[in-house]
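Data block for my_file26.txt (compact mmCIF, C-alpha atoms):
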# COMPACT_ATOMS: atom_id res chain seq x y z
CA MET I 1 -99.33 43.87 -106.98
CA PRO I 2 -95.84 42.32 -106.71
CA ALA I 3 -94.75 40.27 -109.69
CA LEU I 4 -91.86 38.04 -110.76
CA LYS I 5 -89.71 37.99 -113.88
CA ILE I 6 -86.82 35.93 -115.20
CA ASP I 7 -83.28 37.30 -115.19
CA HIS I 8 -82.00 35.83 -118.44
CA GLU I 9 -78.40 36.56 -117.50
CA ARG I 10 -78.67 34.00 -114.71
CA CYS I 11 -81.37 31.56 -115.87
CA THR I 12 -79.91 28.24 -117.01
CA GLN I 13 -83.06 27.22 -118.93
CA CYS I 14 -83.40 24.07 -116.82
CA ARG I 15 -87.19 24.55 -117.07
CA MET I 16 -88.01 23.40 -113.55
CA CYS I 17 -90.16 26.53 -113.03
CA TYR I 18 -92.13 25.66 -116.17
CA ILE I 19 -92.70 22.11 -115.02
CA VAL I 20 -93.87 23.01 -111.52
CA CYS I 21 -96.10 25.83 -112.80
CA ARG I 22 -97.79 23.42 -115.25
CA GLU I 23 -98.10 20.75 -112.58
CA ILE I 24 -100.09 23.00 -110.27
CA ASP I 25 -102.20 24.36 -113.16
CA ILE I 26 -101.25 28.01 -112.86
CA ASN I 27 -99.53 28.02 -116.29
CA ALA I 28 -97.91 31.41 -115.83
CA VAL I 29 -94.47 30.23 -116.95
CA TYR I 30 -94.25 29.78 -120.70
CA VAL I 31 -91.81 29.41 -123.58
CA ALA I 32 -91.48 32.63 -125.58
CA LEU I 33 -91.90 32.21 -129.33
CA GLU I 34 -88.69 34.12 -130.07
CA PRO I 35 -85.79 32.10 -131.55
CA LEU I 36 -84.00 31.50 -128.25
CA HIS I 37 -87.18 30.09 -126.72
CA ARG I 38 -86.48 31.64 -123.37
CA ILE I 39 -88.66 31.03 -120.36
CA GLU I 40 -90.92 33.96 -119.38
CA ILE I 41 -93.53 34.63 -116.69
CA ASP I 42 -97.00 35.83 -117.65
CA MET I 43 -97.74 38.43 -114.99
CA ASP I 44 -101.48 38.19 -115.62
CA LYS I 45 -101.48 34.54 -114.65
CA CYS I 46 -98.79 34.46 -111.97
CA THR I 47 -100.31 34.50 -108.48
CA TYR I 48 -97.15 35.56 -106.62
CA PRO I 49 -96.91 36.15 -103.66
CA GLY I 50 -99.80 33.71 -103.19
CA CYS I 51 -97.77 31.02 -104.94
CA THR I 52 -93.98 30.74 -104.65
CA ALA I 53 -93.56 27.23 -106.07
CA CYS I 54 -91.14 28.19 -108.88
CA LEU I 55 -88.84 29.86 -106.37
CA MET I 56 -88.58 26.62 -104.42
CA TYR I 57 -87.59 24.59 -107.48
CA CYS I 58 -85.25 27.05 -109.20
CA PRO I 59 -81.61 25.95 -108.84
CA ALA I 60 -79.99 29.07 -110.36
CA GLU I 61 -79.32 31.79 -107.82
CA GLY I 62 -80.78 35.16 -108.78
CA SER I 63 -82.58 33.96 -111.88
CA ILE I 64 -86.07 34.90 -110.68
CA VAL I 65 -86.43 38.47 -109.41
CA GLU I 66 -89.19 40.63 -108.02
CA VAL I 67 -90.14 43.17 -110.69
CA GLU I 68 -90.73 46.16 -108.41
CA SER I 69 -87.82 45.81 -106.00
CA GLY I 70 -85.43 44.04 -108.39
CA ARG I 71 -84.32 41.78 -105.55
CA SER I 72 -83.36 38.19 -106.18
CA MET I 73 -85.94 35.62 -105.04
CA VAL I 74 -83.66 32.59 -105.54
CA PRO I 75 -82.87 31.18 -103.08
CA PRO I 76 -86.25 32.12 -101.63
CA PRO I 77 -86.15 34.64 -98.77
CA PRO I 78 -87.70 33.59 -95.44
CA GLU I 79 -91.06 35.26 -96.13
CA ALA I 80 -91.50 33.16 -99.27
CA TRP I 81 -91.69 30.02 -97.14
CA GLN I 82 -95.32 30.04 -96.14
CA GLU I 83 -98.12 27.60 -95.58
CA ALA I 84 -100.20 26.96 -98.70
CA MET F 85 -63.81 19.96 -143.84
CA ALA F 86 -63.87 18.32 -147.28
CA ASP F 87 -62.30 15.12 -145.98
CA LEU F 88 -65.03 14.26 -143.49
CA PRO F 89 -65.85 10.59 -144.17
CA GLY F 90 -69.64 10.85 -144.24
CA LYS F 91 -69.95 14.15 -146.11
CA ASP F 92 -71.33 12.68 -149.32
CA LEU F 93 -73.72 10.39 -147.48
CA ALA F 94 -75.09 13.27 -145.39
CA ARG F 95 -75.68 15.30 -148.57
CA GLU F 96 -77.39 12.35 -150.23
CA LEU F 97 -79.77 11.72 -147.29
CA ILE F 98 -80.58 15.42 -146.88
CA ASP F 99 -81.30 15.96 -150.56
CA LYS F 100 -83.50 12.88 -150.78
CA SER F 101 -85.55 13.85 -147.71
CA ARG F 102 -85.84 17.49 -148.81
CA ALA F 103 -87.25 16.32 -152.14
CA GLU F 104 -89.91 14.34 -150.25
CA GLY F 105 -90.71 17.09 -147.72
CA HIS F 106 -93.38 18.75 -149.83
CA SER F 107 -95.28 15.62 -150.83
CA THR F 108 -96.29 14.18 -147.46
CA PRO F 109 -99.91 13.39 -146.50
CA VAL F 110 -99.99 16.71 -144.61
CA GLU F 111 -100.36 18.49 -147.97
CA ALA F 112 -104.12 17.87 -147.63
CA VAL F 113 -104.13 19.78 -144.33
CA ILE F 114 -102.03 22.56 -145.86
CA ALA F 115 -104.51 22.83 -148.75
CA ALA F 116 -107.37 23.07 -146.24
CA ALA F 117 -105.48 25.76 -144.32
CA ARG F 118 -104.93 27.72 -147.54
CA GLU F 119 -108.67 27.68 -148.14
CA GLY F 120 -109.34 28.88 -144.59
CA GLY F 121 -110.47 25.46 -143.41
CA PHE F 122 -108.09 25.15 -140.50
CA ASN F 123 -110.50 26.00 -137.71
CA GLY F 124 -110.27 25.68 -133.93
CA ASP F 125 -111.14 22.01 -133.74
CA ARG F 126 -108.79 21.06 -136.58
CA ALA F 127 -105.98 23.02 -134.96
CA HIS F 128 -106.75 21.29 -131.68
CA ARG F 129 -106.61 17.88 -133.36
CA LEU F 130 -103.31 18.65 -135.09
CA ILE F 131 -101.54 20.19 -132.11
CA GLY F 132 -102.98 17.55 -129.76
CA ARG F 133 -101.54 14.72 -131.85
CA LEU F 134 -98.20 16.47 -132.38
CA TRP F 135 -97.98 17.11 -128.65
CA THR F 136 -98.67 13.42 -128.01
CA LEU F 137 -95.88 12.44 -130.41
CA GLU F 138 -93.45 14.83 -128.76
CA ARG F 139 -94.26 13.41 -125.33
CA MET F 140 -93.41 9.97 -126.66
CA PHE F 141 -89.94 11.16 -127.65
CA TYR F 142 -89.02 11.04 -123.96
CA TYR F 143 -89.74 7.31 -124.17
CA ILE F 144 -87.78 6.93 -127.43
CA TYR F 145 -84.77 8.85 -126.18
CA GLY F 146 -84.86 6.92 -122.90
CA GLY F 147 -84.19 3.78 -124.93
CA TRP F 148 -81.56 5.47 -127.07
CA GLY F 149 -79.81 6.96 -124.05
CA GLN F 150 -79.29 3.50 -122.60
CA GLY F 151 -77.21 2.68 -125.65
CA LEU F 152 -74.84 5.60 -125.17
CA GLU F 153 -72.30 3.77 -123.06
CA MET F 154 -69.23 5.40 -121.58
CA ASN F 155 -66.36 5.63 -124.08
CA ASP F 156 -68.42 4.26 -126.96
CA PHE F 157 -68.69 7.74 -128.41
CA PRO F 158 -66.73 10.94 -127.90
CA PRO F 159 -68.18 13.48 -125.45
CA SER F 160 -69.31 15.70 -128.32
CA VAL F 161 -71.82 13.06 -129.42
CA LYS F 162 -73.26 12.81 -125.93
CA TYR F 163 -73.46 16.58 -125.70
CA LEU F 164 -75.27 16.71 -129.03
CA PHE F 165 -77.74 14.09 -127.83
CA SER F 166 -78.53 16.13 -124.73
CA LYS F 167 -79.10 19.11 -127.03
CA GLN F 168 -81.43 16.96 -129.12
CA ILE F 169 -83.44 16.07 -126.00
CA VAL F 170 -83.72 19.74 -124.97
CA ASP F 171 -84.83 20.68 -128.51
CA GLU F 172 -87.44 17.93 -128.49
CA SER F 173 -88.64 19.10 -125.09
CA THR F 174 -89.03 22.61 -126.53
CA HIS F 175 -91.30 21.25 -129.28
CA GLU F 176 -93.40 19.58 -126.61
CA MET F 177 -93.61 22.72 -124.46
CA LEU F 178 -94.55 24.93 -127.40
CA TYR F 179 -97.40 22.63 -128.37
CA LEU F 180 -98.72 22.47 -124.81
CA ASP F 181 -98.45 26.25 -124.48
CA ALA F 182 -100.42 26.60 -127.72
CA LEU F 183 -103.19 24.31 -126.44
CA LEU F 184 -103.41 26.33 -123.23
CA LYS F 185 -103.14 29.78 -124.81
CA LYS F 186 -105.78 29.03 -127.43
CA GLY F 187 -108.08 27.85 -124.62
CA LEU F 188 -108.40 24.41 -126.22
CA VAL F 189 -107.71 22.86 -122.81
CA ALA F 190 -107.81 24.51 -119.40
CA THR F 191 -104.94 22.67 -117.74
CA GLN F 192 -102.11 20.27 -118.50
CA LYS F 193 -104.11 17.48 -116.88
CA ASP F 194 -107.01 18.21 -119.23
CA ALA F 195 -104.62 17.99 -122.18
CA PHE F 196 -103.56 14.53 -121.06
CA ARG F 197 -107.16 13.41 -120.58
CA HIS F 198 -108.48 14.83 -123.84
CA PRO F 199 -108.95 12.26 -126.66
CA TYR F 200 -106.83 14.42 -129.01
CA GLY F 201 -103.91 14.23 -126.60
CA SER F 202 -104.14 10.63 -125.48
CA PHE F 203 -101.77 7.90 -126.61
CA SER F 204 -103.21 4.77 -128.17
CA VAL F 205 -101.10 1.69 -128.82
CA ASP F 206 -103.23 0.76 -131.83
CA SER F 207 -102.31 3.76 -133.97
CA GLY F 208 -99.93 4.99 -136.65
CA LEU F 209 -98.43 7.29 -134.05
CA ALA F 210 -97.55 4.34 -131.82
CA TYR F 211 -96.21 2.39 -134.82
CA TYR F 212 -93.82 5.24 -135.60
CA VAL F 213 -92.82 5.65 -131.94
CA PHE F 214 -92.05 1.95 -131.53
CA SER F 215 -90.20 1.95 -134.85
CA LEU F 216 -87.89 4.69 -133.58
CA ARG F 217 -87.56 3.11 -130.15
CA ASN F 218 -86.45 -0.11 -131.82
CA LEU F 219 -83.45 1.73 -133.25
CA ALA F 220 -82.07 1.67 -129.70
CA THR F 221 -80.19 -1.49 -130.62
CA TYR F 222 -78.29 0.28 -133.43
CA PRO F 223 -75.26 2.54 -133.09
CA HIS F 224 -76.16 6.09 -132.09
CA SER F 225 -74.85 7.62 -135.31
CA ILE F 226 -77.18 5.41 -137.37
CA ARG F 227 -80.32 6.21 -135.41
CA ILE F 228 -79.52 9.93 -135.39
CA ALA F 229 -79.07 9.73 -139.17
CA ALA F 230 -82.39 7.88 -139.46
CA LEU F 231 -84.39 10.43 -137.47
CA ASN F 232 -82.63 13.73 -138.11
CA LEU F 233 -81.96 13.29 -141.82
CA GLY F 234 -85.29 11.56 -142.40
CA PRO F 235 -88.52 12.47 -140.59
CA LYS F 236 -87.11 15.68 -139.13
CA ILE F 237 -86.46 17.02 -142.64
CA LEU F 238 -89.92 15.95 -143.77
CA GLU F 239 -91.34 17.69 -140.71
CA LEU F 240 -89.49 20.91 -141.45
CA GLY F 241 -90.78 20.78 -145.04
CA TRP F 242 -94.46 20.32 -144.26
CA MET F 243 -94.39 22.64 -141.27
CA GLU F 244 -92.97 25.46 -143.40
CA GLY F 245 -95.82 24.85 -145.83
CA LEU F 246 -98.42 24.80 -143.07
CA ALA F 247 -97.06 27.95 -141.41
CA ALA F 248 -97.21 29.79 -144.74
CA ALA F 249 -100.80 28.63 -145.31
CA THR F 250 -102.11 29.37 -141.79
CA ALA F 251 -104.03 32.63 -141.49
CA ASP F 252 -104.19 32.66 -137.68
CA ALA F 253 -101.10 34.64 -136.62
CA GLU F 254 -100.86 32.94 -133.23
CA LEU F 255 -100.94 29.44 -134.74
CA ARG F 256 -98.50 30.46 -137.45
CA GLY F 257 -96.15 31.68 -134.73
CA VAL F 258 -96.31 28.28 -133.02
CA PHE F 259 -95.32 26.48 -136.23
CA GLU F 260 -92.68 29.00 -137.27
CA SER F 261 -91.17 28.89 -133.84
CA GLN F 262 -90.49 25.15 -134.24
CA PHE F 263 -88.19 25.75 -137.22
CA VAL F 264 -85.33 26.64 -134.86
CA GLU F 265 -85.27 23.22 -133.25
CA ASN F 266 -85.99 21.38 -136.47
CA ARG F 267 -83.02 23.02 -138.17
CA SER F 268 -80.96 22.16 -135.12
CA HIS F 269 -81.98 18.50 -135.51
CA VAL F 270 -81.01 18.51 -139.18
CA ASN F 271 -77.65 20.18 -138.55
CA MET F 272 -76.93 17.69 -135.79
CA GLY F 273 -77.80 14.75 -138.02
CA ARG F 274 -75.54 16.11 -140.73
CA ARG F 275 -72.65 16.60 -138.34
CA VAL F 276 -72.95 13.12 -136.81
CA VAL F 277 -73.15 11.44 -140.22
CA GLU F 278 -70.30 13.50 -141.66
CA GLU F 279 -67.98 12.74 -138.74
CA PHE F 280 -68.86 9.22 -137.71
CA ILE F 281 -70.12 7.23 -140.70
CA GLU F 282 -67.01 5.81 -142.30
CA LYS F 283 -67.61 2.19 -143.32
CA PRO F 284 -69.74 1.25 -146.33
CA VAL F 285 -71.78 -1.12 -144.16
CA ASP F 286 -72.68 1.72 -141.81
CA ALA F 287 -73.60 3.94 -144.76
CA GLU F 288 -75.97 1.23 -146.01
CA LEU F 289 -77.47 0.89 -142.53
CA CYS F 290 -78.04 4.67 -142.46
CA ARG F 291 -79.87 4.54 -145.80
CA TRP F 292 -81.98 1.62 -144.62
CA ALA F 293 -82.81 3.11 -141.21
CA CYS F 294 -83.61 6.50 -142.73
CA ALA F 295 -85.98 4.90 -145.25
CA VAL F 296 -87.73 2.85 -142.53
CA ALA F 297 -88.13 5.91 -140.27
CA LYS F 298 -89.58 7.95 -143.13
CA ARG F 299 -91.95 5.17 -144.15
CA ASP F 300 -93.32 4.89 -140.62
CA TYR F 301 -93.42 8.67 -140.17
CA ASN F 302 -95.41 9.01 -143.38
CA ARG F 303 -97.81 6.41 -142.08
CA PHE F 304 -98.28 8.51 -138.95
CA LEU F 305 -98.74 11.61 -141.11
CA GLY F 306 -101.43 9.80 -143.12
CA GLU F 307 -103.28 9.01 -139.92
CA LEU F 308 -102.72 12.55 -138.63
CA SER F 309 -104.07 14.23 -141.76
CA ALA F 310 -107.12 12.00 -141.82
CA PHE F 311 -107.74 12.73 -138.14
CA VAL F 312 -107.34 16.50 -138.58
CA LEU F 313 -109.64 16.62 -141.60
CA GLY F 314 -112.19 14.23 -140.11
CA ARG F 315 -111.61 11.61 -142.79
CA GLU F 316 -111.14 7.90 -142.47
CA ALA F 317 -107.57 6.91 -141.68
CA PRO F 318 -105.64 5.04 -144.37
CA ALA F 319 -105.85 1.27 -144.11
CA PRO F 320 -103.03 -0.38 -142.19
CA PRO F 321 -100.44 -2.31 -144.17
CA PRO F 322 -101.21 -6.00 -144.80
CA PRO F 323 -100.05 -8.30 -142.03
CA ARG F 324 -96.59 -9.74 -142.46
CA ARG F 325 -96.13 -13.47 -142.70
CA GLN F 326 -95.36 -14.81 -139.27
CA VAL F 327 -91.81 -15.98 -138.88
CA THR F 328 -91.10 -18.92 -136.62
CA ASP F 329 -87.82 -20.53 -135.78
Render the structure in this file as structure tokens.
Amino acid sequence: MPALKIDHERCTQCRMCYIVCREIDINAVYVALEPLHRIEIDMDKCTYPGCTACLMYCPAEGSIVEVESGRSMVPPPPEAWQEA
Amino acid sequence: MADLPGKDLARELIDKSRAEGHSTPVEAVIAAAREGGFNGDRAHRLIGRLWTLERMFYYIYGGWGQGLEMNDFPPSVKYLFSKQIVDESTHEMLYLDALLKKGLVATQKDAFRHPYGSFSVDSGLAYYVFSLRNLATYPHSIRIAALNLGPKILELGWMEGLAAATADAELRGVFESQFVENRSHVNMGRRVVEEFIEKPVDAELCRWACAVAKRDYNRFLGELSAFVLGREAPAPPPPRRQVTD
């Protein structure tokens, strides 16, 4: 099953992914309890590729990547734009 | 750095608040946690109320932000305030994550609807929130001194005690994780006071505002502890004599 992760080298910690994920009640994006409080994605909760909402809101190019392929999903590739 | 104008004042406010940090009303909750009496519902009550308070900081800082006019303060002060907002937001997110991860609520919307997470105007929490919001009419350095060298130090003190007393590793992690931002608040308060409080009148205002913020925060903590432990909340203060002009 494809999954997403955060590239912390590129993430600006703007937290838009967190906000949208909470808003649609998926709650896969969370704040890690480590001292830097970085944003992470819980792969057990994330429904990608069924949901691509975080990709649409993320403003930082390359900061969300597909785990398996390692390809950048921001800005979202054409196949990510799909009907809900 | 010995010649910073507000260095002595910052030290004075920090020391005073640190001395009070281990004698807040939350000590009753900490004692219950030490005896293993900090169960799921009590944790839900505590985190629900703390989450509600953190949400209200968006409202408080909205008022404070309006008072940060262009050229009134150097850019460093504005940067520090944006850092304060991000830190406060992290507190809020950590509490909501804890509610969701512990299964205390299913969704964010449920957290808003739940009685433990709702905001009531007739409460000690609201009294404290409005007290802080009212500082919007004071210079930024004074309100940052009031909050960051007052309630934020008390909060760090009792939260360290609660984390040490909490047996549940997940809950302890939530409290311990907040220390980062709380220390950031304290350091920021110290820096702002050290650099920008120069006149004796401003120093007196800092002492006054810090004392008021701590008084109202302690009132909230009294209500919070009673709520967490299922006890009756402390009686509200007697009504003030109405002033007319």
- Query: Nearest to chain I: which of F:Leu134, F:Ala117, F:Ala310, F:Val264 is it, counting only C-alpha atoms?
  - Reply: F:Val264
Give me, as a tab-separated table, each residue of chain F that comes within 8 Å of chain I, together with its shortest interatomic pair and the distance in Å at one decimal, counting all atoms listed in the file, with rows ordered by chain and rising residue number.
residue	atom	partner	partner_atom	distance
F:Thr174	CA	I:His37	CA	7.7
F:Met177	CA	I:Val31	CA	7.0
F:Leu178	CA	I:Val31	CA	6.5
F:Asp181	CA	I:Tyr30	CA	6.7
F:Thr191	CA	I:Asp25	CA	5.6
F:Gln192	CA	I:Arg22	CA	6.3
F:Gly257	CA	I:Leu33	CA	6.9
F:Val258	CA	I:Leu33	CA	7.0
F:Ser261	CA	I:Leu33	CA	5.6
F:Val264	CA	I:Pro35	CA	6.4
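Interatomic distance, CA of Val110 in chain F against CA of Glu265 in chain F: 19.7 Å.
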- Exercise: Leu4 in chain I partners within 10 Å, all atoms listed in the file, chain neighbours under 2 positions left out, as a list in words: Pro2, Ile6, Asp7, Glu40, Ile41, Asp42, Met43, Cys46, Thr47, Tyr48, Pro49, Thr52, Leu55, Ile64, Val65, Glu66, Val67, Glu68, Ser69, Gly70, Arg71, Ser72 and Met73 of chain I
Write the residues of the preceding selection, restricted to C-alpha atoms, as a short mmCIF file (atom, residue, chain, number, x, y, z; two decimals), in the frame of the given file.
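Full text of selection-v2.cif as output:
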data_model
loop_
_atom_site.label_atom_id
_atom_site.label_comp_id
_atom_site.auth_asym_id
_atom_site.auth_seq_id
_atom_site.Cartn_x
_atom_site.Cartn_y
_atom_site.Cartn_z
CA PRO I 2 -95.84 42.32 -106.71
CA ILE I 6 -86.82 35.93 -115.20
CA ASP I 7 -83.28 37.30 -115.19
CA GLU I 40 -90.92 33.96 -119.38
CA ILE I 41 -93.53 34.63 -116.69
CA ASP I 42 -97.00 35.83 -117.65
CA MET I 43 -97.74 38.43 -114.99
CA CYS I 46 -98.79 34.46 -111.97
CA THR I 47 -100.31 34.50 -108.48
CA TYR I 48 -97.15 35.56 -106.62
CA PRO I 49 -96.91 36.15 -103.66
CA THR I 52 -93.98 30.74 -104.65
CA LEU I 55 -88.84 29.86 -106.37
CA ILE I 64 -86.07 34.90 -110.68
CA VAL I 65 -86.43 38.47 -109.41
CA GLU I 66 -89.19 40.63 -108.02
CA VAL I 67 -90.14 43.17 -110.69
CA GLU I 68 -90.73 46.16 -108.41
CA SER I 69 -87.82 45.81 -106.00
CA GLY I 70 -85.43 44.04 -108.39
CA ARG I 71 -84.32 41.78 -105.55
CA SER I 72 -83.36 38.19 -106.18
CA MET I 73 -85.94 35.62 -105.04
#
If you count only C-alpha atoms, which residues fall within 10 Å of Pro59 in chain I, apart from same-chain ones fewer than 2 positions away, as a short mmCIF file (atom, residue, chain, number, x, y, z; two decimals) with C-alpha atoms, in the frame of the given file?
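File part_8.cif, as written:
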data_model
loop_
_atom_site.label_atom_id
_atom_site.label_comp_id
_atom_site.auth_asym_id
_atom_site.auth_seq_id
_atom_site.Cartn_x
_atom_site.Cartn_y
_atom_site.Cartn_z
CA CYS I 11 -81.37 31.56 -115.87
CA THR I 12 -79.91 28.24 -117.01
CA CYS I 14 -83.40 24.07 -116.82
CA MET I 16 -88.01 23.40 -113.55
CA CYS I 17 -90.16 26.53 -113.03
CA CYS I 54 -91.14 28.19 -108.88
CA LEU I 55 -88.84 29.86 -106.37
CA MET I 56 -88.58 26.62 -104.42
CA TYR I 57 -87.59 24.59 -107.48
CA GLU I 61 -79.32 31.79 -107.82
CA GLY I 62 -80.78 35.16 -108.78
CA SER I 63 -82.58 33.96 -111.88
CA VAL I 74 -83.66 32.59 -105.54
CA PRO I 75 -82.87 31.18 -103.08
#
Quick one: 3 Å padding each side, axis-aligned, all listed atoms of range 22-37 of chain I - centre and edge lengths in Å to one decimal, as lines of an AutoDock Vina configuration file?
center_x = -93.1
center_y = 27.4
center_z = -120.9
size_x = 24.2
size_y = 19.4
size_z = 27.3
- Message: Need the shell around Asn232 in chain F: protein/DNA/RNA residues with any atom at most 10 Å away, counting only C-alpha atoms. Skip same-chain ones fewer than 4 positions apart. Format as a PyMOL selection string?
- Response: chain F and resi 97-98+168+226-228+236-239+266-274+276-277+294+297
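For the residues F:Arg217, F:Arg303, F:His198, F:Arg256, ranking by smallest atom-to-atom distance to Arg133 in chain F using all atoms listed in the file places F:His198 first.
Between CA of Arg299 in chain F and CA of Tyr212 in chain F the separation is 8.8 Å.
Interatomic distance, CA of Leu289 in chain F to CA of Leu209 in chain F: 23.5 Å.
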- Item | Surrounding residues of Ala182 in chain F excluding itself and chain neighbours under 2 positions, 8 Å, all atoms listed in the file, as a count of residues only | 9
- Task: Name all residues at most 12 Å from Ala287 in chain F (count only C-alpha atoms; drop same-chain ones fewer than 5 positions away) and give them as a ChimeraX atom specification.
- Result: /F:89-94,96-97,223,225-227,229-230,277-278,280-282,292-294
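Among the candidates F:Ala116, F:Ala295, F:Ala248, F:Val213, the residue lying nearest to Thr136 in chain F is F:Val213 (atoms considered: all atoms listed in the file).
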